[in-house]
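Worksheet: the structure to be examined is printed underneath.
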Amino acid sequence: MTGTSLRTYLITRIALVLPMVFILLTLVFLLMRVAPGNPIEASLGGHVPQSAIKQIEHQLGFDKPLYTQYGNYLWDIARGNFGTTITDNRPLSQIIKQNGAATLELTFFAMIVAIVVGVFVGLVAGRFRDTWLDVGGRFFGILVYATPVFFLGLMAQLVFGVWLGWLPISDQASPLTAALLKTHTNIYFLDAIIDGNWSALWDITKHLILPATTLGLVTAGVFIRLVRVNVIRTLRDDYIEAARARGITERRVVYNHAFKNALVPVITVVGLNLALLLGGAVLTETTFNWPGIGHELVLYLENRDYVAVQGIIVLFALVVVAVSVLVDFLNAYVDPRIRY
Amino acid sequence: MAVEARPAPRSPHGRARLMALGRATKPIREARGTARVMLWAGAAITLFFIVLAVFAPLISPYGFSEYKSGGVRFPQLAHPSAAHWMGTTVQSSDVMARVIWGAQTELEVVAIALVMALTIGVPLGLLSGYFGGPLDRALVVVMDALFAFPYLLIAIVIAFLLSNSSIGGGILTAAIAITVAYVPLYFRVVRNHVISLREEAYVDAARALGARPRTIIRKYVFFNVVQNVPPIATLNAADAILLLAALGFLGYGIQPTQGAEWGYDINRAVSDASSGIWWTGLFPGLAIVLLVTGLTLLGEGLNETLNPVLRRRRFGRIDFEPLPEEML
């Protein structure tokens with residue numbers, strides 16, 4: 001029974017998400033095309049003969065009527081063709097594969113840091129509400145939230161990179177490691193493990209620590225707030241009162257009954273925060289010169305490469321939507337009340 | 001016969017307003033414990049930055065792009081000293097002056113952005129939520145799509161597209177970019193609240209009495225909804241500062257000739273860091289952290305005092321006598 005209803009839920013959810021994808025894609029298209037200025041001219045950086053501009057416009061189909069362009073754009077994305085950049089003629093699929101892997105590595109470890117720090121501090125603060133532990137935990141939460149990720153990154157670079165000299169402050173691996181590492185998944189961390197190349201793994205881990213911790217800490221602020229409020233709310237619930245009335249010790253009430261239920265909404269927030277994390281990743285990658293997709297986005301923005309920018313934005317949109325479906329599915333799996 | 005809508009002496013009306021204001025601010029005056037501390041600490045920090053922003057020309061020792069004084073050029077990348085309390089940058093400008101003038105830029109942009117986001121988002125949410133229908137559904141789909149998107153990316157794209165246009169990079173561009181990123185938030189909050197209010201008995205009663213939608217929205221719905229706005233707007237202002245700094249850091253904020261911007265300064269400081277120069281990045285960064293902390297404390301304090309779910313009860317927990325051992 002459960003299997004069927006869960007599958008129905010998933011199918012309904014995916015059907016519902018299609019209009020959202022469509023709207024997002026349309027918004028991106030409209031924004032990029034309706035914007036003032038000639039995108040091709042801008043990306044070529046002026047001083048280019050009109051004929052050359054016309055030729056590239058023709059190649060990219062920019063001279064066709066808007067609705068034809070729109071149709072082609074949707075059709076290309078449906079086939080998984082995100083185009084080729086104007087400035088350096090790189091297919092976007094390659095950017096997604098190579099730089100996307102670097103972003104995935106960074107965000108994955110950052111998310112782990114955020115969840116561990118956020119859940120721990122949030123639980124403690126909520127459990128000991130209005131004690132100095134709570135005040136300290138909340139203040140820590142506000143402080144990490146208030147710190148721009150690039151500022152925290154800069155300070156981390158200064159302290160751990162420049163003054164103490166413990167950790168590298170830029171790139172994903174040393175040039176030598178990167179050159180010698182065999183490519184399996186494009187995710188350096190996994191590639192090193194697959195080959196059992198432990199010296200490379202150590203080098204990669206060292207490069208990962210500062211960016212991942214920086215991004216993770218800044219994201220943790222949201223978790224702290226949420227977990228704390230949830231613990232407080234759960235501890236006020238009737239079933240907790242009932243457990244207390246049955247004479248169960250406060251310790252067991254808190255640890256066995258309250259904490260688990262307080263953590264269920266965290267799944268949703270992990271998903272919602274992916275958007276936040278992606279935004280933060282753009283900044284973290286720029287600070288640490290991390291060759292991720294956000295870093296590429298910034299470079300292509302600087303070069304005013306419309307095709308590249310559009311492709312990366314579309315990719316981000318698809319990732320965000322996919323994660324929201326995944327999160328809803330997980331939630332439905334954990335909490336049967338949610339299913340339609 | 002001409003109907004005199006208002007009673008001639010305005011004082012009773014005015015007094016009622018005053019009482020309403022008193023009722024509305026009562027939770028703030030009654031705030032206790034942590035909420036009270038947060039509220040006032042946040043207000044103090046925010047006020048400090050507002051003073052810095054307003055009186056920047058008087059407080060700041062130099063202009064934000066001044067690099068010489070009395071014909072003598074300031075030293076480049078000088079350590080903090082008596083002449084330059086926070087040191088100087090690679091362009092020889094005074095870091096402290098840039099931090100002080102930065103307060104003006106940040107608050108100006110964020111104020112413009114919030115006013116624009118509120119004037120677009122709140123009415124849209126009110127109308128969409130109250131009337132429903134196909135327009136509401138279309139708006140919800142578009143806003144949800146935007147809301148799901150990382151708002152930093154929305155802001156970057158908007159700033160990028162506008163920087164090509166005649167508006168160019170500047171305070172207005174940054175403000176518009178931030179506005180677009182936040183409209184969906186206000187729309188959602190207001191719309192969802194309006195939908196829950198629409199079915200309330202007192203709104204039904206007003207409708208049964210023949211009140212027009214305009215009246216219902218204005219007199220019964222608006223003030224209920226608008227109560228939610230101060231905490232959200234304050235927290236949002238904190239967020240907007242971070243967003244503006246992020247835009248500046250990526251080079252899409254305020255152009256250096258137009259004003260000092262902390263995010264931009266930190267971007268410049270990244271290249272200083274590898275040679276151990278800390279003052280060019282530390283002080284603008286601390287300014288961001290402090291201002292955002294202040295606004296967050298203020299917002300959270302407001303939230304905790306106004307939100308009945310979180311509001312601290314006046315009386316504490318009731319403790320019962322522990323049961324004697326033999327009964328367990």
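Residues in the structure tokens are numbered from 1 in each chain, the chains being A, B, ... in the order shown, and ligands are numbered from 1 in the order shown.
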- When you get a sec, could you note down which chain A residues fall within 8 Å of chain B, using only C-alpha atoms, as a PyMOL selection string? chain A and resi 20-21+23-24+31-32+35-37+130+135+142-143+146-148+150-151+154-155+157-158+162-163+247+272+275-276+278-279+283+287+298+301+313+316-317+320-321
Output N, CA, C and O atoms of each residue in that selection to a file, as a short mmCIF file (atom, residue, chain, number, x, y, z; two decimals), in the first residue's frame.
```cif
data_model
loop_
_atom_site.label_atom_id
_atom_site.label_comp_id
_atom_site.auth_asym_id
_atom_site.auth_seq_id
_atom_site.Cartn_x
_atom_site.Cartn_y
_atom_site.Cartn_z
N MET A 20 6.42 24.83 -13.11
CA MET A 20 7.40 25.69 -12.44
C MET A 20 8.69 25.77 -13.25
O MET A 20 9.26 26.86 -13.42
N VAL A 21 9.14 24.64 -13.75
CA VAL A 21 10.34 24.62 -14.59
C VAL A 21 10.11 25.52 -15.81
O VAL A 21 10.95 26.35 -16.16
N ILE A 23 8.03 28.00 -16.18
CA ILE A 23 8.00 29.42 -15.81
C ILE A 23 9.41 29.94 -15.60
O ILE A 23 9.78 31.03 -16.08
N LEU A 24 10.22 29.15 -14.88
CA LEU A 24 11.59 29.59 -14.61
C LEU A 24 12.36 29.79 -15.91
O LEU A 24 13.04 30.81 -16.09
N LEU A 31 14.29 37.63 -19.40
CA LEU A 31 15.26 38.53 -18.80
C LEU A 31 16.45 38.75 -19.71
O LEU A 31 16.89 39.87 -19.95
N MET A 32 16.97 37.64 -20.26
CA MET A 32 18.19 37.75 -21.04
C MET A 32 17.94 38.44 -22.39
O MET A 32 18.82 39.08 -22.93
N ALA A 35 16.50 42.40 -22.03
CA ALA A 35 17.46 43.33 -21.45
C ALA A 35 17.98 44.31 -22.50
O ALA A 35 18.14 43.94 -23.66
N PRO A 36 18.21 45.54 -22.09
CA PRO A 36 18.72 46.54 -23.02
C PRO A 36 20.13 46.19 -23.51
O PRO A 36 20.86 45.47 -22.84
N GLY A 37 20.48 46.69 -24.66
CA GLY A 37 21.83 46.46 -25.17
C GLY A 37 21.89 45.21 -26.03
O GLY A 37 21.07 44.31 -25.92
N ASP A 130 16.74 29.96 27.56
CA ASP A 130 16.90 31.08 28.50
C ASP A 130 18.01 30.90 29.51
O ASP A 130 18.07 31.61 30.50
N VAL A 135 21.57 31.67 25.27
CA VAL A 135 21.99 33.00 24.82
C VAL A 135 23.24 32.89 23.96
O VAL A 135 23.33 33.49 22.88
N ILE A 142 23.41 34.14 15.32
CA ILE A 142 23.24 35.45 14.69
C ILE A 142 24.56 35.93 14.09
O ILE A 142 24.61 36.44 12.98
N LEU A 143 25.63 35.68 14.84
CA LEU A 143 26.94 36.15 14.39
C LEU A 143 27.36 35.46 13.09
O LEU A 143 27.83 36.13 12.16
N ALA A 146 25.37 36.83 10.35
CA ALA A 146 25.68 38.22 10.00
C ALA A 146 27.01 38.36 9.29
O ALA A 146 27.32 39.42 8.77
N THR A 147 27.81 37.28 9.31
CA THR A 147 29.13 37.39 8.69
C THR A 147 29.03 37.03 7.21
O THR A 147 28.62 35.94 6.88
N PRO A 148 29.41 37.95 6.32
CA PRO A 148 29.42 37.58 4.91
C PRO A 148 30.42 36.47 4.69
O PRO A 148 31.50 36.48 5.28
N PHE A 150 32.30 35.78 2.32
CA PHE A 150 33.60 36.17 1.75
C PHE A 150 34.49 36.86 2.79
O PHE A 150 35.70 36.78 2.72
N PHE A 151 33.86 37.50 3.79
CA PHE A 151 34.66 38.11 4.87
C PHE A 151 35.23 37.03 5.77
O PHE A 151 36.43 37.05 6.10
N LEU A 154 38.01 35.46 3.98
CA LEU A 154 39.21 36.30 3.96
C LEU A 154 39.97 36.20 5.29
O LEU A 154 41.20 36.06 5.31
N MET A 155 39.22 36.26 6.39
CA MET A 155 39.86 36.17 7.70
C MET A 155 40.49 34.79 7.90
O MET A 155 41.59 34.67 8.45
N GLN A 157 41.64 32.90 5.57
CA GLN A 157 42.84 32.89 4.75
C GLN A 157 44.00 33.55 5.48
O GLN A 157 45.11 33.05 5.51
N LEU A 158 43.69 34.70 6.10
CA LEU A 158 44.72 35.45 6.81
C LEU A 158 45.30 34.63 7.96
O LEU A 158 46.51 34.51 8.11
N VAL A 162 47.95 32.54 5.86
CA VAL A 162 49.11 33.43 5.80
C VAL A 162 49.90 33.41 7.11
O VAL A 162 51.11 33.23 7.11
N TRP A 163 49.20 33.59 8.25
CA TRP A 163 49.94 33.70 9.51
C TRP A 163 50.42 32.38 10.04
O TRP A 163 51.57 32.20 10.39
N GLY A 247 5.65 9.99 34.23
CA GLY A 247 6.76 9.84 35.15
C GLY A 247 8.08 9.52 34.48
O GLY A 247 9.03 9.12 35.13
N LEU A 272 15.63 23.63 1.27
CA LEU A 272 15.42 25.05 0.97
C LEU A 272 16.74 25.80 1.00
O LEU A 272 16.95 26.76 0.27
N ALA A 275 19.41 26.48 -2.01
CA ALA A 275 19.43 27.73 -2.78
C ALA A 275 20.40 28.71 -2.15
O ALA A 275 21.22 29.33 -2.83
N LEU A 276 20.30 28.81 -0.82
CA LEU A 276 21.19 29.71 -0.09
C LEU A 276 22.64 29.29 -0.27
O LEU A 276 23.54 30.10 -0.48
N LEU A 278 23.93 27.56 -2.72
CA LEU A 278 24.41 27.83 -4.08
C LEU A 278 24.85 29.28 -4.21
O LEU A 278 25.88 29.58 -4.80
N GLY A 279 24.03 30.19 -3.64
CA GLY A 279 24.41 31.60 -3.63
C GLY A 279 25.73 31.80 -2.91
O GLY A 279 26.64 32.47 -3.39
N LEU A 283 30.05 33.00 -3.93
CA LEU A 283 30.96 33.90 -3.22
C LEU A 283 32.18 33.16 -2.68
O LEU A 283 33.31 33.66 -2.77
N THR A 287 36.09 33.78 -3.52
CA THR A 287 37.08 34.11 -2.50
C THR A 287 38.27 33.17 -2.53
O THR A 287 39.42 33.59 -2.43
N VAL A 298 30.89 33.95 -12.46
CA VAL A 298 31.41 35.30 -12.24
C VAL A 298 32.34 35.72 -13.37
O VAL A 298 32.28 36.85 -13.87
N LEU A 301 30.27 36.43 -16.40
CA LEU A 301 29.56 37.70 -16.21
C LEU A 301 30.49 38.86 -16.56
O LEU A 301 30.10 39.81 -17.22
N ILE A 313 22.67 29.83 -15.36
CA ILE A 313 21.48 30.18 -14.59
C ILE A 313 20.39 29.11 -14.77
O ILE A 313 19.75 28.70 -13.80
N PHE A 316 21.29 26.17 -12.64
CA PHE A 316 20.97 26.42 -11.23
C PHE A 316 19.47 26.25 -10.99
O PHE A 316 19.05 25.64 -10.01
N ALA A 317 18.66 26.78 -11.91
CA ALA A 317 17.21 26.68 -11.76
C ALA A 317 16.78 25.22 -11.72
O ALA A 317 15.99 24.82 -10.86
N VAL A 320 17.77 23.57 -8.41
CA VAL A 320 16.92 23.99 -7.29
C VAL A 320 15.58 23.26 -7.34
O VAL A 320 15.10 22.74 -6.34
N VAL A 321 15.00 23.18 -8.54
CA VAL A 321 13.70 22.50 -8.67
C VAL A 321 13.84 21.03 -8.33
O VAL A 321 13.03 20.47 -7.58
#
```
- Message: List the spatial neighbours of segment 216-221 of chain A as number ranges by chain - criterion: any atom at most 9 Å away, only C-alpha atoms, same-chain residues fewer than 3 positions off excluded.
- Response: A: 107, 109-119, 138, 140-149, 152, 211-213, 224-226, 273, 276-277, 280
Take the residues from that selection and write them out as a PDB file, in the first residue's frame, keeping C-alpha atoms.
```
ATOM      1  CA  THR A 107      28.654  22.239  -1.226  1.00  0.00           C
ATOM      2  CA  PHE A 109      31.108  19.134   2.637  1.00  0.00           C
ATOM      3  CA  ALA A 110      29.790  22.566   3.496  1.00  0.00           C
ATOM      4  CA  MET A 111      26.352  21.090   4.059  1.00  0.00           C
ATOM      5  CA  ILE A 112      27.802  18.503   6.427  1.00  0.00           C
ATOM      6  CA  VAL A 113      29.528  21.220   8.437  1.00  0.00           C
ATOM      7  CA  ALA A 114      26.316  23.268   8.482  1.00  0.00           C
ATOM      8  CA  ILE A 115      24.131  20.384   9.636  1.00  0.00           C
ATOM      9  CA  VAL A 116      26.508  19.167  12.321  1.00  0.00           C
ATOM     10  CA  VAL A 117      27.109  22.632  13.774  1.00  0.00           C
ATOM     11  CA  GLY A 118      23.529  23.812  13.283  1.00  0.00           C
ATOM     12  CA  VAL A 119      21.775  20.801  14.767  1.00  0.00           C
ATOM     13  CA  ARG A 138      21.696  32.130  19.657  1.00  0.00           C
ATOM     14  CA  PHE A 140      26.654  32.452  17.781  1.00  0.00           C
ATOM     15  CA  GLY A 141      23.846  31.770  15.314  1.00  0.00           C
ATOM     16  CA  ILE A 142      23.239  35.452  14.693  1.00  0.00           C
ATOM     17  CA  LEU A 143      26.938  36.150  14.386  1.00  0.00           C
ATOM     18  CA  VAL A 144      27.602  33.472  11.766  1.00  0.00           C
ATOM     19  CA  TYR A 145      24.506  34.608   9.906  1.00  0.00           C
ATOM     20  CA  ALA A 146      25.676  38.219  10.004  1.00  0.00           C
ATOM     21  CA  THR A 147      29.126  37.393   8.690  1.00  0.00           C
ATOM     22  CA  PRO A 148      29.422  37.584   4.907  1.00  0.00           C
ATOM     23  CA  VAL A 149      30.895  34.340   3.687  1.00  0.00           C
ATOM     24  CA  LEU A 152      34.873  34.953   6.966  1.00  0.00           C
ATOM     25  CA  PRO A 211      36.251  26.815   1.872  1.00  0.00           C
ATOM     26  CA  ALA A 212      33.913  24.090   3.139  1.00  0.00           C
ATOM     27  CA  THR A 213      34.111  25.221   6.768  1.00  0.00           C
ATOM     28  CA  ILE A 224      20.514  26.888  14.592  1.00  0.00           C
ATOM     29  CA  ARG A 225      17.464  29.160  14.560  1.00  0.00           C
ATOM     30  CA  LEU A 226      15.181  26.532  13.132  1.00  0.00           C
ATOM     31  CA  ASN A 273      18.897  26.029   2.015  1.00  0.00           C
ATOM     32  CA  LEU A 276      21.187  29.710  -0.085  1.00  0.00           C
ATOM     33  CA  LEU A 277      24.163  27.411  -0.294  1.00  0.00           C
ATOM     34  CA  GLY A 280      27.056  31.258  -0.942  1.00  0.00           C
TER      35      GLY A 280
END
```
- Could you pull out the strand (DSSP E) residues of segment 53-295 of chain B from DSSP and send them as a list in words?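 Taking segment 53-295 of chain B and keeping strand (DSSP E) only, one gets Lys68, Ser69, Val72 and Arg73 of chain B.
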The selected residues should be written to file as a PDB file, in the first residue's frame (atoms: all heavy atoms).
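Saved as selection.pdb:
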```pdb
ATOM      1  N   LYS B  68      44.711  62.294  -0.682  1.00  0.00           N
ATOM      2  CA  LYS B  68      45.776  63.184  -0.224  1.00  0.00           C
ATOM      3  C   LYS B  68      45.151  64.298   0.593  1.00  0.00           C
ATOM      4  O   LYS B  68      43.957  64.577   0.471  1.00  0.00           O
ATOM      5  CB  LYS B  68      46.560  63.753  -1.405  1.00  0.00           C
ATOM      6  CG  LYS B  68      45.684  64.485  -2.400  1.00  0.00           C
ATOM      7  CD  LYS B  68      46.502  64.953  -3.579  1.00  0.00           C
ATOM      8  CE  LYS B  68      45.581  65.657  -4.558  1.00  0.00           C
ATOM      9  NZ  LYS B  68      46.205  65.949  -5.831  1.00  0.00           N
ATOM     10  N   SER B  69      45.956  64.888   1.424  1.00  0.00           N
ATOM     11  CA  SER B  69      45.448  65.965   2.252  1.00  0.00           C
ATOM     12  C   SER B  69      46.510  67.050   2.309  1.00  0.00           C
ATOM     13  O   SER B  69      47.688  66.756   2.553  1.00  0.00           O
ATOM     14  CB  SER B  69      45.147  65.424   3.658  1.00  0.00           C
ATOM     15  OG  SER B  69      44.827  66.489   4.502  1.00  0.00           O
ATOM     16  N   VAL B  72      49.685  66.529   0.268  1.00  0.00           N
ATOM     17  CA  VAL B  72      50.547  65.381   0.549  1.00  0.00           C
ATOM     18  C   VAL B  72      49.751  64.099   0.358  1.00  0.00           C
ATOM     19  O   VAL B  72      48.684  63.941   0.940  1.00  0.00           O
ATOM     20  CB  VAL B  72      51.071  65.438   2.007  1.00  0.00           C
ATOM     21  CG1 VAL B  72      52.052  64.293   2.244  1.00  0.00           C
ATOM     22  CG2 VAL B  72      51.713  66.782   2.285  1.00  0.00           C
ATOM     23  N   ARG B  73      50.279  63.236  -0.478  1.00  0.00           N
ATOM     24  CA  ARG B  73      49.588  61.976  -0.715  1.00  0.00           C
ATOM     25  C   ARG B  73      49.723  61.076   0.500  1.00  0.00           C
ATOM     26  O   ARG B  73      50.781  60.994   1.124  1.00  0.00           O
ATOM     27  CB  ARG B  73      50.193  61.302  -1.950  1.00  0.00           C
ATOM     28  CG  ARG B  73      49.289  60.248  -2.537  1.00  0.00           C
ATOM     29  CD  ARG B  73      49.971  59.512  -3.687  1.00  0.00           C
ATOM     30  NE  ARG B  73      49.289  58.243  -3.885  1.00  0.00           N
ATOM     31  CZ  ARG B  73      48.421  58.019  -4.875  1.00  0.00           C
ATOM     32  NH1 ARG B  73      48.170  58.962  -5.749  1.00  0.00           N
ATOM     33  NH2 ARG B  73      47.815  56.860  -4.999  1.00  0.00           N
TER      34      ARG B  73
END
```
Residues at most 7 Å from Gly126 of chain A, counting only C-alpha atoms, excluding those fewer than 3 positions away in the same chain, as an mmCIF file with N, CA and C atoms, in the first residue's frame?
```cif
data_model
loop_
_atom_site.group_PDB
_atom_site.id
_atom_site.type_symbol
_atom_site.label_atom_id
_atom_site.label_comp_id
_atom_site.auth_asym_id
_atom_site.auth_seq_id
_atom_site.Cartn_x
_atom_site.Cartn_y
_atom_site.Cartn_z
ATOM 1 N N GLY A 122 21.708 24.193 17.884
ATOM 2 C CA GLY A 122 20.267 24.432 17.987
ATOM 3 C C GLY A 122 19.620 23.580 19.062
ATOM 4 N N LEU A 123 19.989 22.305 19.114
ATOM 5 C CA LEU A 123 19.420 21.412 20.126
ATOM 6 C C LEU A 123 19.772 21.888 21.525
ATOM 7 N N ARG A 129 16.681 26.453 27.131
ATOM 8 C CA ARG A 129 16.142 27.766 26.792
ATOM 9 C C ARG A 129 16.330 28.757 27.941
ATOM 10 N N ASP A 134 21.746 28.973 25.973
ATOM 11 C CA ASP A 134 20.824 29.413 24.934
ATOM 12 C C ASP A 134 21.272 30.755 24.372
ATOM 13 N N ARG A 228 16.369 25.276 17.129
ATOM 14 C CA ARG A 228 16.062 25.801 18.448
ATOM 15 C C ARG A 228 14.563 26.012 18.610
ATOM 16 N N VAL A 229 13.947 26.711 17.658
ATOM 17 C CA VAL A 229 12.510 26.981 17.750
ATOM 18 C C VAL A 229 11.718 25.679 17.748
ATOM 19 N N VAL A 231 12.705 22.705 18.820
ATOM 20 C CA VAL A 231 12.846 22.015 20.102
ATOM 21 C C VAL A 231 11.918 22.672 21.119
ATOM 22 N N ILE A 232 11.894 23.993 21.136
ATOM 23 C CA ILE A 232 11.038 24.697 22.093
ATOM 24 C C ILE A 232 9.577 24.344 21.859
#
```
- Query: Which residues come within 9 Å of Glu106 of chain B, counting only C-alpha atoms, excluding same-chain residues fewer than 5 positions away, as a VMD selection string?
  - Reply: chain B and resid 53 101 111 240 to 241 244 to 245 260 to 262
All residues 10 Å or closer to Arg244 of chain A, only C-alpha atoms, same chain fewer than 6 positions away omitted, as a short mmCIF file (atom, residue, chain, number, x, y, z; two decimals) with C-alpha atoms, in the first residue's frame:
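Saved as around-v9.cif:
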```cif
data_model
loop_
_atom_site.label_atom_id
_atom_site.label_comp_id
_atom_site.auth_asym_id
_atom_site.auth_seq_id
_atom_site.Cartn_x
_atom_site.Cartn_y
_atom_site.Cartn_z
CA ASP A 238 0.86 17.53 24.57
CA GLU A 250 13.11 14.64 31.87
CA ARG A 252 14.47 10.57 28.40
CA VAL A 253 11.60 12.85 27.48
CA VAL A 254 14.01 15.28 25.90
#
```
- Message: According to DSSP computed on the backbone, where in segment 3-159 of chain B is there helix (DSSP H, G or I)? Give the residues as a PyMOL selection string.
- Response: chain B and resi 11-29+33-54+56-59+95-131+133-148+151-159
- Task: Return the single residue from B:Ala103, B:Thr215, B:Ile195, B:Leu209 that is closest to Leu47 of chain B, with distances computed using only C-alpha atoms.
- Result: B:Ala103
- Hey, which of B:Thr173, B:Thr234, B:Thr179, B:Thr88 ends up closest to Ala113 of chain B? Count only C-alpha atoms.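 The answer is B:Thr179, which sits nearest to Ala113 of chain B.
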- Query: Any idea what's packed within 9 Å of Tyr220 of chain B, counting only C-alpha atoms, ignoring anything in its chain fewer than 2 positions away? Could you give it as a PyMOL selection string?
  - Reply: chain B and resi 197+202-203+206+215-218+222-224
- Query: Which of these residues is nearest to Gln94 of chain A, using only C-alpha atoms: A:Thr177, A:Thr205, A:Thr12, A:Asn186?
  - Reply: A:Asn186
- Task: Please indicate the distance in Å from atom CA of Leu118 of chain B to atom CA of Phe187 of chain B, rounded to one decimal place.
- Result: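 So the answer is 8.8 Å.
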